[in-house]
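What follows is a short report on a single structure.
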Amino acid sequence: IQPARIGKKADGSYFVDFGKAAFGSVEITLTSPEAGRQVEVHLGEVPAGSDAIDRDPGGSRRYRMMTLTLDQGTRTYRVPITPDKRNTGPQAVKMPASVGEVMPFRYCEIVNSPSEIDASSIRQIAVHYPFDDSAAQFSCSDPVLNDVWELCKYSIKATSFCGVYVDGDRERIPYEGDAYINQLCHYSVDREYTLARYSHEYLITHATWPTEWILHSVLIAWADYLYTGDTDSIAHFYEDLKAKTLLALAREDGLISTQTGLVTRDVLASIHLSGNLRDLVDWPHGNILGLQGGYGETDDFEFKPINTVVNAFHYRALVLMGRMAAAIGKGDDAARFAQAAERALRSFNDKLFDKAKGVYVDGEGSTHSALHANMFPLAFGLVPPEHVRSVADFVKSRGMVCSVYGSQYLLEALYEASEGDFALKLMTDRSTDRSWPHMIYDVGTTITLEAWDNKYKPNQDWNHAWGAAPANIIPRCLMGVQPIEPGFAKVRIRPQVGDLKTGSLDLPTVRGTIHVDFASEPGRSFVLNVELPGNTEAAVCLPRMGQAKGETLVDGNVVAPTEEGDFVVIPNVPAGRHRFERKP
């Protein structure tokens, strides 16, 4: 990658900005009059002013200095990266010898160069999994959202350097919760499924400690099937996935706990976990790292043995496991999982919902209601229709009091409740440091952060894909394109575009690219153009425009759609190009 800017600071001293951070190294062509001359090469992520690297950035922000010993004459040197002790340890994913060690950096300083350095003599050598930059495209009438999309899309490419989804550069360890967000984002920005599957299957036998992370393996398996239509992985790991529903921890009413003596050695062995399960909710918790405010990213969540967030995940895992059992012909198991899900759902709403307040409490015996106790049930379909409004209003009242990981489910919850206007405001908010615009315009990162800001996680790194939720939320929720039959045999297109005037999406799928664009005039018309690849059909949902009655046109012809909440639905739209229009 060519430099975006080079500045000469003094004789033999240069500052180079490559425009974006990437994992890799630098390659420099230098001419030395003698052998043995030493040149300092400084690499880093964080700037110190306009022409220097912050050499003490703190936390897990990266800076390193390497020394090149030159030969006589003109030579091209690939700077060898000094390994970091923690992210090359026993649990870390190692870089292949053919690639060599890498580090994330955007900036480079050269000290004591014997020859002039210009754009022709230095390159950033970026390492990433094969990536088609043109496979997915998004643009809209809001330049801030366009920048958020580009940040998050690039983050998925840049953080693929290990050939398996990892948590970031500090540890380089795969985690299920990180991998799920990474998977959904990767599906949304490239026509690529092997890296997600490899990461998932790696994690099946390399499980990590959070209770919800074990349950995430079931969600990842379902997403793999939904996006590819391929049951091979489900069939191969079926018994492992059954164990990862944590049904073994259920008490008689169907709710689970990690604190009732049911986490036996056999249970831990069945989920391939060495160590103990611990409920997460969100991260970090307030009792570590000297965090400001004292509550971390859990919104003062009260941890109880029967944990509302854990049980929301458990319910979702049971529902999806039942569907996967049916997909591979295990009808009896499918029925058992469906029954277990129904039992858990009844108990969840009987014992964890505060009817007087219209919201969920944090756990059995708690009187506190955190954002997390409400956004996860809303995202996962546990909220009865009559309570969706009160729960959604509470979720909106709390705002972004969660981590970048939690934002995935906060945004999903809002779109599930038809609160797309509010979700869009959260993704484009310039007034708070809990936002992606803050990362872009205030922090200056080009890869999503591990936390909203250094103050929320002092040891954070600047290269975490779990912070890239808009890369999947924009295509799946704002533009509304999601598979509803495995392998995109059928897709639902239900845009919730807020106050955007226009938008356009190219979404890669296993059957080809789906194109969607819209033009919205609130109160007057909503026009949607869709192009579906062969062997795909769609259910297209248009906003009702706030009217009980209205006119709906498909390819210029008036039709009578069905009604579904705030939308009208045109089912069974065939492959090809179609124009939809809704007028009040």
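Labeling convention for the structure tokens: chains A, B, ... as they appear, residues from 1 per chain, ligands from 1 in order of appearance.
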Under the rule of at most 12 Å, produce a per-residue listing of segment 298-353 of chain A near segment 478-493 of chain A: chain, number, name, the closest pair of atoms, and the distance in Å, as JSON lines, using only C-alpha atoms.
```
{"residue": "A:Arg323", "atom": "CA", "partner": "A:Pro486", "partner_atom": "CA", "distance": 10.9}
{"residue": "A:Met324", "atom": "CA", "partner": "A:Pro486", "partner_atom": "CA", "distance": 10.6}
{"residue": "A:Ala327", "atom": "CA", "partner": "A:Pro486", "partner_atom": "CA", "distance": 9.7}
```
Query raised in the report: Quick one: residues within 9 Å of segment 162-166 of chain A, only C-alpha atoms counted, chain neighbours fewer than 5 positions away excluded, as a PyMOL selection string?
Result: chain A and resi 92-96+127-129+171-175+178-179+182-183+195-196+198-200+202+464-465
Query raised in the report: So which residues of segment 118-235 of chain A fall under helix (DSSP H, G or I) by DSSP, listed as JSON, numbers by chain?
Result: {"A": [143, 144, 145, 146, 147, 148, 149, 150, 151, 152, 153, 154, 155, 156, 157, 158, 176, 177, 178, 179, 180, 181, 182, 183, 184, 185, 186, 187, 188, 189, 194, 195, 196, 197, 198, 199, 200, 201, 202, 203, 204, 205, 211, 212, 213, 214, 215, 216, 217, 218, 219, 220, 221, 222, 223, 224, 225, 226, 227, 228, 232, 233, 234, 235]}
Requested in this report: Between atom CA of Asp167 of chain A and atom CA of Cys108 of chain A, measure the distance and give it in Å to one decimal.
Outcome: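 Distance reported for this atom pair: 24.6 Å.
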Query - Close residues, Leu151 of chain A itself excluded, 8 Å, only C-alpha atoms, min 6 positions apart in chain, as a PyMOL selection string - result: chain A and resi 440+446-448+468
Requested in this report: Could you tell me which of A:Arg37, A:Glu109, A:Lys242, A:Val99 comes closest to Phe18 of chain A if we count only C-alpha atoms?
Outcome: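 Once distances to Phe18 of chain A are computed over only C-alpha atoms, the minimum belongs to A:Glu109.
Minimum distance to Ala317 of chain A across A:Gly381, A:Gly229, A:Gly44, A:Gly512 (counting only C-alpha atoms) occurs at A:Gly381.
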Query raised in the report: For Ser25 of chain A, which residue among A:Arg5, A:Arg64, A:Arg86, A:Arg78 is the nearest when counting only C-alpha atoms?
Result: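 Selected residue with least distance to Ser25 of chain A: A:Arg78.
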Query raised in the report: With only C-alpha atoms as the basis for distance, which of A:Lys351, A:Arg582, A:His236, A:Arg476 is at the shortest distance from Tyr187 of chain A?
Result: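 Closest to Tyr187 of chain A of all the choices is A:Arg476.
Of the residues in segment 300-467 of chain A, those that DSSP places in strand (DSSP E) on the basis of the backbone are Phe353, Asp354, Val359 and Tyr360 of chain A.
Counting only C-alpha atoms, the residue from A:Arg346, A:Lys9, A:Arg251, A:Lys583 that sits nearest to Val383 of chain A is A:Arg346.
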Report summary line: Counting only C-alpha atoms, closest pick from A:Asp56, A:Ile125, A:Asn535, A:Leu249 relative to Asp266 of chain A is A:Leu249
Report summary line: Atom pair atom CA of Trp452 of chain A + atom CA of His285 of chain A, distance 14.5 Å
**Report entry** Arg62 of chain A environment, 12 Å, only C-alpha atoms, sequence neighbours closer than 5 positions dropped, as a count of residues only
**Finding:** 32
Requested in this report: Excluding Arg524 of chain A and any residue of its chain fewer than 2 positions from it, enumerate the residues within 9 Å of it, using only C-alpha atoms, and give them as a PyMOL selection string.
Outcome: chain A and resi 520-522+526+545+582-584
